[in-house]
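*Asks:* Please find coords.tsv (TSV, C-alpha atoms and all ligand atoms) on the next line:
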```tsv
chain	number	residue	atom	x	y	z
A	1	MET	CA	107.05	41.44	96.47
A	2	ALA	CA	107.22	43.31	93.17
A	3	ARG	CA	109.45	46.34	93.19
A	4	ARG	CA	107.49	49.56	93.21
A	5	LYS	CA	108.00	52.11	90.53
A	6	LYS	CA	109.58	55.33	91.71
A	7	VAL	CA	107.81	58.29	90.10
A	8	TYR	CA	109.81	61.17	91.60
A	9	GLU	CA	112.39	61.85	94.27
A	10	GLY	CA	112.51	65.29	95.84
A	11	LYS	CA	114.41	66.69	98.79
A	12	ALA	CA	111.92	65.64	101.44
A	13	LYS	CA	109.89	62.85	99.87
A	14	ILE	CA	109.87	60.05	97.33
A	15	LEU	CA	106.76	59.33	95.28
A	16	PHE	CA	105.96	55.76	94.20
A	17	GLU	CA	103.15	54.48	92.01
A	18	GLY	CA	100.18	53.60	94.20
A	19	PRO	CA	98.28	50.31	94.28
A	20	GLU	CA	95.39	51.69	92.21
A	21	PRO	CA	95.30	54.08	89.26
A	22	GLY	CA	95.14	57.68	90.41
A	23	THR	CA	97.01	56.99	93.66
A	24	LEU	CA	100.57	57.55	94.82
A	25	ILE	CA	102.59	56.48	97.82
A	26	GLN	CA	104.49	59.30	99.51
A	27	TYR	CA	107.60	58.22	101.40
A	28	PHE	CA	108.86	60.80	103.94
A	29	LYS	CA	112.65	60.97	104.10
A	30	ASP	CA	114.81	62.35	106.91
A	31	ASP	CA	116.97	64.17	104.39
A	32	ALA	CA	117.77	67.80	104.82
A	33	THR	CA	116.52	70.79	102.96
A	34	GLU	CA	119.80	72.42	101.98
A	35	GLY	CA	121.81	73.56	105.01
A	36	ASP	CA	119.27	72.20	107.48
A	37	GLU	CA	120.31	69.22	109.60
A	38	ARG	CA	117.26	67.01	109.97
A	39	PRO	CA	117.52	64.54	112.81
A	40	GLU	CA	116.78	60.89	112.39
A	41	GLY	CA	113.04	60.36	112.59
A	42	ARG	CA	112.04	63.69	111.10
A	43	GLY	CA	110.39	61.90	108.17
A	44	VAL	CA	108.47	59.65	110.54
A	45	LEU	CA	107.15	62.64	112.47
A	46	ASN	CA	106.28	64.55	109.33
A	47	ASN	CA	104.36	61.56	107.99
A	48	ARG	CA	102.35	61.47	111.25
A	49	LEU	CA	101.81	65.21	111.42
A	50	SER	CA	100.72	65.52	107.81
A	51	GLU	CA	98.31	62.64	108.41
A	52	PHE	CA	96.98	64.43	111.50
A	53	PHE	CA	96.35	67.76	109.76
A	54	MET	CA	95.04	66.33	106.49
A	55	THR	CA	92.67	63.92	108.27
A	56	GLY	CA	91.32	66.86	110.24
A	57	LEU	CA	90.85	68.90	107.09
A	58	ASN	CA	89.09	66.03	105.31
A	59	THR	CA	86.79	65.69	108.32
A	60	VAL	CA	85.71	69.34	108.20
A	61	GLY	CA	85.14	69.14	104.45
A	62	VAL	CA	88.34	70.69	103.12
A	63	PRO	CA	89.47	68.37	100.32
A	64	THR	CA	93.01	66.99	100.54
A	65	HIS	CA	94.98	64.30	98.74
A	66	PHE	CA	95.35	62.19	101.91
A	67	ILE	CA	93.78	58.70	101.82
A	68	ARG	CA	95.52	56.79	104.61
A	69	ARG	CA	98.83	56.27	106.36
A	70	MET	CA	100.41	52.98	105.39
A	71	ASN	CA	103.33	52.70	107.82
A	72	MET	CA	105.90	54.80	109.66
A	73	ARG	CA	107.15	56.65	106.63
A	74	GLU	CA	104.52	56.19	103.94
A	75	GLN	CA	101.05	57.41	103.16
A	76	LEU	CA	98.67	56.72	100.32
A	77	VAL	CA	97.47	59.84	98.52
A	78	ARG	CA	95.39	60.80	95.52
A	79	MET	CA	97.51	61.66	92.54
A	80	ALA	CA	96.96	65.28	91.55
A	81	GLU	CA	98.10	67.49	88.72
A	82	MET	CA	100.18	69.91	90.73
A	83	LEU	CA	100.07	73.65	90.09
A	84	PRO	CA	103.64	75.00	89.85
A	85	LEU	CA	103.02	77.21	92.88
A	86	GLU	CA	103.60	77.38	96.58
A	87	VAL	CA	100.72	79.21	98.21
A	88	MET	CA	101.61	81.03	101.39
A	89	VAL	CA	99.26	82.38	104.04
A	90	ARG	CA	100.63	84.92	106.50
A	91	ASN	CA	98.96	85.84	109.79
A	92	HIS	CA	101.92	87.49	111.50
A	93	ALA	CA	104.97	89.08	109.92
A	94	ALA	CA	107.97	86.75	109.84
A	95	SER	CA	111.20	86.67	107.87
A	96	GLY	CA	110.11	86.98	104.19
A	97	ILE	CA	107.59	89.80	104.53
A	98	SER	CA	109.50	91.53	107.36
A	99	ASP	CA	112.65	91.75	105.22
A	100	ARG	CA	110.78	92.75	102.08
A	101	LEU	CA	108.44	95.37	103.51
A	102	GLY	CA	110.20	96.38	106.72
A	103	ILE	CA	107.39	95.17	108.99
A	104	PRO	CA	108.80	94.20	112.40
A	105	GLU	CA	108.84	90.46	112.94
A	106	GLY	CA	105.87	89.32	115.03
A	107	THR	CA	103.48	92.09	113.94
A	108	ALA	CA	99.91	90.82	113.57
A	109	LEU	CA	98.84	91.48	109.98
A	110	PRO	CA	95.52	93.30	109.43
A	111	ARG	CA	94.12	90.16	107.79
A	112	PRO	CA	95.55	86.90	106.46
A	113	ILE	CA	97.61	87.65	103.39
A	114	VAL	CA	97.86	85.09	100.57
A	115	GLU	CA	101.04	85.08	98.47
A	116	TYR	CA	102.14	82.91	95.56
A	117	TYR	CA	105.63	81.64	94.81
A	118	PHE	CA	106.62	80.07	91.49
A	119	LYS	CA	107.87	76.57	92.32
A	120	ASP	CA	111.23	76.50	90.61
A	121	ASP	CA	114.26	75.74	92.75
A	122	ASN	CA	116.69	77.03	90.13
A	123	LEU	CA	115.05	80.44	90.41
A	124	GLY	CA	114.80	80.25	94.20
A	125	CYS	CA	110.97	80.04	94.09
A	126	PRO	CA	110.30	83.75	93.43
A	127	LEU	CA	107.25	85.64	94.66
A	128	VAL	CA	104.81	86.13	91.77
A	129	ALA	CA	101.63	88.14	91.27
A	130	GLU	CA	98.24	86.81	90.15
A	131	GLU	CA	98.98	88.60	86.85
A	132	HIS	CA	101.95	86.30	86.20
A	133	ILE	CA	99.98	83.20	87.13
A	134	VAL	CA	97.09	83.97	84.79
A	135	ALA	CA	99.25	85.37	81.96
A	136	PHE	CA	101.53	82.32	81.94
A	137	GLY	CA	98.60	79.90	82.22
A	138	TRP	CA	99.66	78.30	85.53
A	139	ALA	CA	96.08	78.80	86.76
A	140	ASN	CA	93.09	80.89	85.74
A	141	GLN	CA	91.22	83.55	87.68
A	142	GLN	CA	88.54	81.08	88.84
A	143	ASP	CA	91.27	78.74	90.13
A	144	LEU	CA	92.82	81.62	92.05
A	145	ASP	CA	89.49	82.50	93.66
A	146	ASP	CA	89.06	78.83	94.61
A	147	ILE	CA	92.62	78.65	95.96
A	148	VAL	CA	92.10	81.68	98.19
A	149	ALA	CA	88.86	80.19	99.58
A	150	LEU	CA	90.61	76.84	100.11
A	151	VAL	CA	93.72	78.12	101.85
A	152	LEU	CA	91.77	80.48	104.11
A	153	ARG	CA	89.76	77.49	105.33
A	154	VAL	CA	93.02	75.61	105.90
A	155	ASN	CA	94.33	78.65	107.76
A	156	ASP	CA	91.31	78.82	110.08
A	157	PHE	CA	91.53	75.12	110.82
A	158	LEU	CA	95.28	75.02	111.41
A	159	SER	CA	95.31	78.26	113.44
A	160	GLY	CA	92.55	76.93	115.70
A	161	VAL	CA	94.16	73.53	116.22
A	162	MET	CA	97.54	75.10	116.97
A	163	MET	CA	96.07	77.75	119.25
A	164	GLY	CA	94.55	74.95	121.33
A	165	VAL	CA	98.05	73.69	122.15
A	166	GLY	CA	99.69	77.07	122.71
A	167	VAL	CA	101.20	77.47	119.29
A	168	ARG	CA	100.80	80.52	117.06
A	169	LEU	CA	100.69	79.87	113.34
A	170	ALA	CA	102.57	82.89	112.00
A	171	ASP	CA	102.55	81.59	108.43
A	172	PHE	CA	102.48	78.42	106.35
A	173	ARG	CA	102.80	77.38	102.75
A	174	LEU	CA	101.20	74.55	100.89
A	175	GLU	CA	100.80	73.11	97.41
A	176	VAL	CA	97.55	72.65	95.55
A	177	GLY	CA	96.71	70.12	92.84
A	178	ARG	CA	93.87	69.37	90.44
A	179	VAL	CA	91.82	66.18	90.48
A	180	TRP	CA	88.97	65.22	88.20
A	181	GLU	CA	85.66	63.70	89.25
A	182	GLY	CA	83.93	62.81	85.99
A	183	ASP	CA	83.90	66.04	84.02
A	184	PHE	CA	84.40	68.15	87.10
A	185	MET	CA	87.77	69.43	88.18
A	186	ARG	CA	88.48	70.47	91.72
A	187	LEU	CA	91.46	71.82	93.59
A	188	ILE	CA	92.69	69.96	96.63
A	189	VAL	CA	95.38	70.43	99.25
A	190	ALA	CA	98.32	68.18	98.32
A	191	ASP	CA	102.01	67.63	99.17
A	192	GLU	CA	102.35	67.91	102.97
A	193	ILE	CA	101.36	69.97	105.98
A	194	THR	CA	104.24	69.77	108.42
A	195	PRO	CA	106.27	72.13	110.61
A	196	ASP	CA	108.81	72.26	107.76
A	197	ASN	CA	106.35	74.47	105.90
A	198	CYS	CA	105.18	76.61	108.82
A	199	THR	CA	106.50	79.36	111.05
A	200	LEU	CA	105.34	78.43	114.55
A	201	TRP	CA	105.72	80.36	117.79
A	202	ASP	CA	105.28	79.14	121.31
A	203	THR	CA	102.70	81.14	123.28
A	204	ARG	CA	103.41	79.14	126.45
A	205	GLY	CA	107.09	80.02	126.63
A	206	GLN	CA	108.23	81.32	130.02
A	207	ASP	CA	111.19	83.37	131.16
A	208	ALA	CA	113.45	82.35	134.07
A	209	ASP	CA	110.94	83.82	136.58
A	210	GLY	CA	108.08	81.77	135.13
A	211	ASN	CA	106.42	84.78	133.43
A	212	LEU	CA	104.93	84.30	130.01
A	213	ARG	CA	107.27	85.79	127.43
A	214	GLU	CA	106.58	87.08	123.97
A	215	PRO	CA	105.95	84.27	121.53
A	216	GLY	CA	109.30	82.94	120.37
A	217	PRO	CA	110.21	80.01	118.15
A	218	LEU	CA	108.83	76.68	119.29
A	219	ALA	CA	111.78	74.68	120.58
A	220	ASP	CA	112.59	71.13	119.51
A	221	MET	CA	110.39	71.10	116.48
A	222	PRO	CA	108.64	69.01	115.27
A	223	THR	CA	108.79	66.77	118.35
A	224	GLU	CA	107.25	69.37	120.66
A	225	LEU	CA	104.37	70.07	118.27
A	226	ALA	CA	103.70	66.35	117.84
A	227	ARG	CA	103.78	65.85	121.61
A	228	ARG	CA	101.36	68.73	122.27
A	229	LEU	CA	98.98	67.50	119.59
A	230	GLY	CA	99.01	64.01	121.06
A	231	VAL	CA	100.60	62.58	117.95
A	232	LEU	CA	103.46	61.40	120.20
A	233	PRO	CA	102.73	59.93	123.63
A	234	SER	CA	103.09	62.68	126.28
A	235	ASN	CA	105.86	60.83	128.14
A	236	VAL	CA	108.10	60.87	125.08
A	237	THR	CA	110.59	63.71	125.29
A	238	HIS	CA	113.07	62.59	122.65
A	239	LEU	CA	112.85	60.60	119.50
A	240	THR	CA	114.41	57.21	119.89
A	241	LYS	CA	114.24	54.15	117.68
A	242	SER	CA	111.54	52.59	119.93
A	243	THR	CA	109.26	55.67	119.85
A	244	LEU	CA	109.48	55.65	116.09
A	245	ILE	CA	108.10	52.17	115.72
A	246	ASN	CA	104.54	52.37	114.48
B	301	LIG	P1	110.62	71.22	97.91
B	301	LIG	O1	111.48	70.43	98.85
B	301	LIG	O2	111.15	72.57	97.57
B	301	LIG	O3	109.16	71.27	98.31
B	301	LIG	P2	110.62	68.99	96.18
B	301	LIG	O4	109.95	68.85	94.87
B	301	LIG	O5	112.01	68.44	96.28
B	301	LIG	O6	110.62	70.50	96.51
B	301	LIG	P3	109.45	66.98	97.89
B	301	LIG	O7	108.53	67.19	99.01
B	301	LIG	O8	110.70	66.22	98.15
B	301	LIG	O9	109.68	68.42	97.33
B	301	LIG	O10	108.73	66.24	96.69
B	301	LIG	C1	107.39	65.96	96.66
B	301	LIG	C2	106.86	66.21	95.26
B	301	LIG	O11	105.60	65.59	95.15
B	301	LIG	C3	106.67	67.68	94.96
B	301	LIG	O12	107.15	67.96	93.67
B	301	LIG	C4	105.14	67.85	95.00
B	301	LIG	O13	104.70	68.86	94.11
B	301	LIG	C5	104.67	66.47	94.56
B	301	LIG	N1	103.35	66.09	95.06
B	301	LIG	C6	102.88	66.25	96.31
B	301	LIG	N2	101.63	65.74	96.42
B	301	LIG	C7	101.29	65.24	95.22
B	301	LIG	C8	100.12	64.60	94.69
B	301	LIG	N3	99.04	64.37	95.45
B	301	LIG	N4	100.11	64.25	93.37
B	301	LIG	C9	101.20	64.48	92.59
B	301	LIG	N5	102.34	65.08	93.04
B	301	LIG	C10	102.39	65.46	94.33
```
As structure tokens - that is how I would like this structure written.
Ligand code: ATP
*Replies:*
Amino acid sequence: MARRKKVYEGKAKILFEGPEPGTLIQYFKDDATEGDERPEGRGVLNNRLSEFFMTGLNTVGVPTHFIRRMNMREQLVRMAEMLPLEVMVRNHAASGISDRLGIPEGTALPRPIVEYYFKDDNLGCPLVAEEHIVAFGWANQQDLDDIVALVLRVNDFLSGVMMGVGVRLADFRLEVGRVWEGDFMRLIVADEITPDNCTLWDTRGQDADGNLREPGPLADMPTELARRLGVLPSNVTHLTKSTLIN
């Protein structure tokens, strides 16, 4: 088989040229984000979970880059021209906004808040305002309006799906890219939707007496989320080589 051309290697994924023009293959690695030990199989789970969420979004008419999963670690996606931004939606206050604005962690925000971060690791992905984005030409005002509409739909969908399995979506971040259909450009959800990009709390957690306790971090992520969503068989409690086989 001909060797595939590697287009990019990041911390979490490798991109290869896809089989047709305008497509890419995303390979999900187990590798760590700095300082974070990722267990074996994390890439396999993230591939499955991103497939699960993006398929759901496509089904309800929210455009994403996802075409199909190819195997345990790879999925075929539409190539997009990525905006140099991470778009964050916050429903409840967690680390970033709590530290910055002194809002106690866990506080329900009055409405979902959309924030933008400039995607540059050397700068530590700083928070930026719409003013910066438009002034520096990363996106125009119409794009920003479209992005807000897009990510709020993603938020409603993800929040609902998670709520159904006892998980609170405190916040998440995603990346958006441009694709062209003839002369028309549209913005789609790209990159990945996985627990690595979300703050998730368990609303089914119990204390020693069996009473429901305040939502706390969801333990054993992402395995527990995958199990609750039915992405892993319910009798699987730990990732082993055999549970990772297709
Ligand atoms: P970080 O880990 O901080 O997100 P990274 O660039 O190392 O940064 P990876 O997930 O390892 O992240 O790399 C995936 C890369 O692929 C990202 O640069 C992302 O913008 C890009 N990408 C994701 N989806 C698409 C797509 N549909 N078309 C083109 N590029 C994409």
*Asks:* How big is the axis-aligned box, and where does its centre sit, when it encloses all atoms of ligand LIG 301 (chain B) listed in the file and has 4 Å added on every side, reported in Å to one decimal as lines of an AutoDock Vina configuration file?
*Replies:*
```
center_x = 105.5
center_y = 68.4
center_z = 95.8
size_x = 21.0
size_y = 16.3
size_z = 14.4
```
*Asks:* A:Leu144: which residues within 12 Å, counting all atoms listed in the file, same-chain residues fewer than 2 positions away excluded, as a list in words?
*Replies:*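 Near neighbours after the sequence-gap exclusion: Leu83, Leu85, Val87, Val114, Glu115, Tyr116, Ala129, Glu130, Glu131, His132, Ile133, Val134, Gly137, Trp138, Ala139, Asn140, Gln141, Gln142, Asp146, Ile147, Val148, Ala149, Leu150, Val151, Val176, Arg186 and Leu187 of chain A.
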*Asks:* Against ligand LIG 301 (chain B), which residues of chain A fall within 7 Å? For each one I want the closest pair of atoms and the distance in Å (one decimal), counting all atoms listed in the file, rows by chain and increasing residue number, as JSON lines.
*Replies:*
```
{"residue": "A:Tyr8", "atom": "CA", "partner": "B:LIG301", "partner_atom": "C2", "distance": 6.9}
{"residue": "A:Glu9", "atom": "CA", "partner": "B:LIG301", "partner_atom": "O8", "distance": 6.1}
{"residue": "A:Gly10", "atom": "CA", "partner": "B:LIG301", "partner_atom": "O8", "distance": 3.1}
{"residue": "A:Lys11", "atom": "CA", "partner": "B:LIG301", "partner_atom": "O8", "distance": 3.8}
{"residue": "A:Ala12", "atom": "CA", "partner": "B:LIG301", "partner_atom": "O8", "distance": 3.6}
{"residue": "A:Lys13", "atom": "CA", "partner": "B:LIG301", "partner_atom": "O8", "distance": 3.9}
{"residue": "A:Ile14", "atom": "CA", "partner": "B:LIG301", "partner_atom": "O8", "distance": 6.3}
{"residue": "A:Leu15", "atom": "CA", "partner": "B:LIG301", "partner_atom": "O11", "distance": 6.4}
{"residue": "A:Leu24", "atom": "CA", "partner": "B:LIG301", "partner_atom": "N4", "distance": 6.9}
{"residue": "A:Thr33", "atom": "CA", "partner": "B:LIG301", "partner_atom": "O1", "distance": 6.5}
{"residue": "A:His65", "atom": "CA", "partner": "B:LIG301", "partner_atom": "N3", "distance": 5.2}
{"residue": "A:Val77", "atom": "CA", "partner": "B:LIG301", "partner_atom": "N3", "distance": 5.7}
{"residue": "A:Arg78", "atom": "CA", "partner": "B:LIG301", "partner_atom": "N3", "distance": 5.1}
{"residue": "A:Met79", "atom": "CA", "partner": "B:LIG301", "partner_atom": "N4", "distance": 3.8}
{"residue": "A:Ala80", "atom": "CA", "partner": "B:LIG301", "partner_atom": "N4", "distance": 3.8}
{"residue": "A:Glu81", "atom": "CA", "partner": "B:LIG301", "partner_atom": "C9", "distance": 5.8}
{"residue": "A:Met82", "atom": "CA", "partner": "B:LIG301", "partner_atom": "O13", "distance": 5.7}
{"residue": "A:Asp121", "atom": "CA", "partner": "B:LIG301", "partner_atom": "O2", "distance": 6.6}
{"residue": "A:Glu175", "atom": "CA", "partner": "B:LIG301", "partner_atom": "O13", "distance": 6.6}
{"residue": "A:Gly177", "atom": "CA", "partner": "B:LIG301", "partner_atom": "N3", "distance": 6.7}
{"residue": "A:Ala190", "atom": "CA", "partner": "B:LIG301", "partner_atom": "N2", "distance": 4.5}
{"residue": "A:Asp191", "atom": "CA", "partner": "B:LIG301", "partner_atom": "C6", "distance": 3.3}
{"residue": "A:Glu192", "atom": "CA", "partner": "B:LIG301", "partner_atom": "C6", "distance": 6.9}
```
*Asks:* From the options A:Glu181, A:Asp171, A:Asp207, A:Asp202, which residue's atoms come nearest to A:Ala108, counting only C-alpha atoms?
*Replies:*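 The shortest atom-to-atom distance to A:Ala108 comes from A:Asp171.
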*Asks:* So what do you get for atom CA of A:Leu45 versus atom CA of A:Cys198, distance-wise?
*Replies:*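 These atoms are spaced 14.6 Å apart.
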*Asks:* Kindly provide, as number ranges by chain, the polymer residues lying within 12 Å of (111.7, 59.0, 102.8), counting all atoms listed in the file and using the coordinates exactly as they appear in the file.
*Replies:* A: 6, 8-16, 25-32, 40-47, 71-75
*Asks:* In Å, with one decimal, what is the gap from atom CA of A:Val231 to atom CA of A:Val167?
*Replies:*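 Going from atom CA of A:Val231 over to atom CA of A:Val167 covers 15.0 Å.
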*Asks:* In Å, rounded to a single decimal, give me how far atom CA of A:Thr203 is from atom CA of A:Pro104.
*Replies:*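 Value for the atom CA of A:Pro104-atom CA of A:Thr203 distance: 18.1 Å.
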*Asks:* Between A:Val179, A:Cys125, A:Val62, A:Ala135, which is the closest to A:Asn155 once you count all atoms listed in the file?
*Replies:*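 Among the listed residues, A:Val62 lies closest to A:Asn155.
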*Asks:* Starting from the incomplete input, reconstruct N, CA, C and O atoms of stretch 188-208 of chain A and write that as a PDB file, in the frame of the given file.
*Replies:*
```
ATOM      1  N   ILE A 188      92.563  70.544  95.290  1.00  0.00           N
ATOM      2  CA  ILE A 188      92.690  69.960  96.630  1.00  0.00           C
ATOM      3  C   ILE A 188      94.046  70.317  97.229  1.00  0.00           C
ATOM      4  O   ILE A 188      94.988  70.651  96.511  1.00  0.00           O
ATOM      5  N   VAL A 189      94.117  70.220  98.537  1.00  0.00           N
ATOM      6  CA  VAL A 189      95.380  70.430  99.250  1.00  0.00           C
ATOM      7  C   VAL A 189      96.229  69.173  99.039  1.00  0.00           C
ATOM      8  O   VAL A 189      95.754  68.058  99.283  1.00  0.00           O
ATOM      9  N   ALA A 190      97.467  69.341  98.586  1.00  0.00           N
ATOM     10  CA  ALA A 190      98.320  68.180  98.320  1.00  0.00           C
ATOM     11  C   ALA A 190      99.657  68.352  99.046  1.00  0.00           C
ATOM     12  O   ALA A 190      99.772  69.136  99.999  1.00  0.00           O
ATOM     13  N   ASP A 191     100.646  67.599  98.629  1.00  0.00           N
ATOM     14  CA  ASP A 191     102.010  67.630  99.170  1.00  0.00           C
ATOM     15  C   ASP A 191     102.043  67.272 100.660  1.00  0.00           C
ATOM     16  O   ASP A 191     101.878  66.117 100.994  1.00  0.00           O
ATOM     17  N   GLU A 192     102.255  68.228 101.547  1.00  0.00           N
ATOM     18  CA  GLU A 192     102.350  67.910 102.970  1.00  0.00           C
ATOM     19  C   GLU A 192     101.969  69.132 103.791  1.00  0.00           C
ATOM     20  O   GLU A 192     102.079  70.270 103.315  1.00  0.00           O
ATOM     21  N   ILE A 193     101.492  68.884 105.004  1.00  0.00           N
ATOM     22  CA  ILE A 193     101.360  69.970 105.980  1.00  0.00           C
ATOM     23  C   ILE A 193     102.167  69.541 107.186  1.00  0.00           C
ATOM     24  O   ILE A 193     101.782  68.629 107.928  1.00  0.00           O
ATOM     25  N   THR A 194     103.315  70.142 107.345  1.00  0.00           N
ATOM     26  CA  THR A 194     104.240  69.770 108.420  1.00  0.00           C
ATOM     27  C   THR A 194     104.917  71.043 108.940  1.00  0.00           C
ATOM     28  O   THR A 194     104.874  72.080 108.275  1.00  0.00           O
ATOM     29  N   PRO A 195     105.582  70.942 110.080  1.00  0.00           N
ATOM     30  CA  PRO A 195     106.270  72.130 110.610  1.00  0.00           C
ATOM     31  C   PRO A 195     107.346  72.646 109.646  1.00  0.00           C
ATOM     32  O   PRO A 195     107.739  73.810 109.751  1.00  0.00           O
ATOM     33  N   ASP A 196     107.801  71.797 108.718  1.00  0.00           N
ATOM     34  CA  ASP A 196     108.810  72.260 107.760  1.00  0.00           C
ATOM     35  C   ASP A 196     108.274  73.389 106.879  1.00  0.00           C
ATOM     36  O   ASP A 196     109.037  74.132 106.271  1.00  0.00           O
ATOM     37  N   ASN A 197     106.954  73.471 106.769  1.00  0.00           N
ATOM     38  CA  ASN A 197     106.350  74.470 105.900  1.00  0.00           C
ATOM     39  C   ASN A 197     105.618  75.557 106.681  1.00  0.00           C
ATOM     40  O   ASN A 197     104.795  76.279 106.118  1.00  0.00           O
ATOM     41  N   CYS A 198     105.885  75.633 107.974  1.00  0.00           N
ATOM     42  CA  CYS A 198     105.180  76.610 108.820  1.00  0.00           C
ATOM     43  C   CYS A 198     106.178  77.422 109.626  1.00  0.00           C
ATOM     44  O   CYS A 198     107.267  76.944 109.943  1.00  0.00           O
ATOM     45  N   THR A 199     105.776  78.627 110.002  1.00  0.00           N
ATOM     46  CA  THR A 199     106.500  79.360 111.050  1.00  0.00           C
ATOM     47  C   THR A 199     105.618  79.296 112.286  1.00  0.00           C
ATOM     48  O   THR A 199     104.481  79.785 112.271  1.00  0.00           O
ATOM     49  N   LEU A 200     106.136  78.679 113.340  1.00  0.00           N
ATOM     50  CA  LEU A 200     105.340  78.430 114.550  1.00  0.00           C
ATOM     51  C   LEU A 200     106.002  79.072 115.747  1.00  0.00           C
ATOM     52  O   LEU A 200     107.218  78.950 115.917  1.00  0.00           O
ATOM     53  N   TRP A 201     105.194  79.723 116.575  1.00  0.00           N
ATOM     54  CA  TRP A 201     105.720  80.360 117.790  1.00  0.00           C
ATOM     55  C   TRP A 201     105.017  79.780 119.000  1.00  0.00           C
ATOM     56  O   TRP A 201     103.824  79.474 118.962  1.00  0.00           O
ATOM     57  N   ASP A 202     105.779  79.718 120.071  1.00  0.00           N
ATOM     58  CA  ASP A 202     105.280  79.140 121.310  1.00  0.00           C
ATOM     59  C   ASP A 202     104.646  80.221 122.162  1.00  0.00           C
ATOM     60  O   ASP A 202     105.323  81.170 122.573  1.00  0.00           O
ATOM     61  N   THR A 203     103.340  80.118 122.440  1.00  0.00           N
ATOM     62  CA  THR A 203     102.700  81.140 123.280  1.00  0.00           C
ATOM     63  C   THR A 203     102.729  80.738 124.750  1.00  0.00           C
ATOM     64  O   THR A 203     102.194  81.443 125.601  1.00  0.00           O
ATOM     65  N   ARG A 204     103.327  79.572 125.043  1.00  0.00           N
ATOM     66  CA  ARG A 204     103.410  79.140 126.450  1.00  0.00           C
ATOM     67  C   ARG A 204     104.820  79.303 127.000  1.00  0.00           C
ATOM     68  O   ARG A 204     105.104  78.861 128.102  1.00  0.00           O
ATOM     69  N   GLY A 205     105.693  79.892 126.199  1.00  0.00           N
ATOM     70  CA  GLY A 205     107.090  80.020 126.630  1.00  0.00           C
ATOM     71  C   GLY A 205     107.188  80.904 127.879  1.00  0.00           C
ATOM     72  O   GLY A 205     106.448  81.878 128.028  1.00  0.00           O
ATOM     73  N   GLN A 206     108.085  80.558 128.780  1.00  0.00           N
ATOM     74  CA  GLN A 206     108.230  81.320 130.020  1.00  0.00           C
ATOM     75  C   GLN A 206     109.670  81.778 130.184  1.00  0.00           C
ATOM     76  O   GLN A 206     110.593  81.110 129.729  1.00  0.00           O
ATOM     77  N   ASP A 207     109.825  82.940 130.849  1.00  0.00           N
ATOM     78  CA  ASP A 207     111.190  83.370 131.160  1.00  0.00           C
ATOM     79  C   ASP A 207     111.654  82.684 132.446  1.00  0.00           C
ATOM     80  O   ASP A 207     110.915  81.887 133.035  1.00  0.00           O
ATOM     81  N   ALA A 208     112.864  83.047 132.908  1.00  0.00           N
ATOM     82  CA  ALA A 208     113.450  82.350 134.070  1.00  0.00           C
ATOM     83  C   ALA A 208     112.575  82.497 135.316  1.00  0.00           C
ATOM     84  O   ALA A 208     112.570  81.638 136.195  1.00  0.00           O
TER      85      ALA A 208
END
```
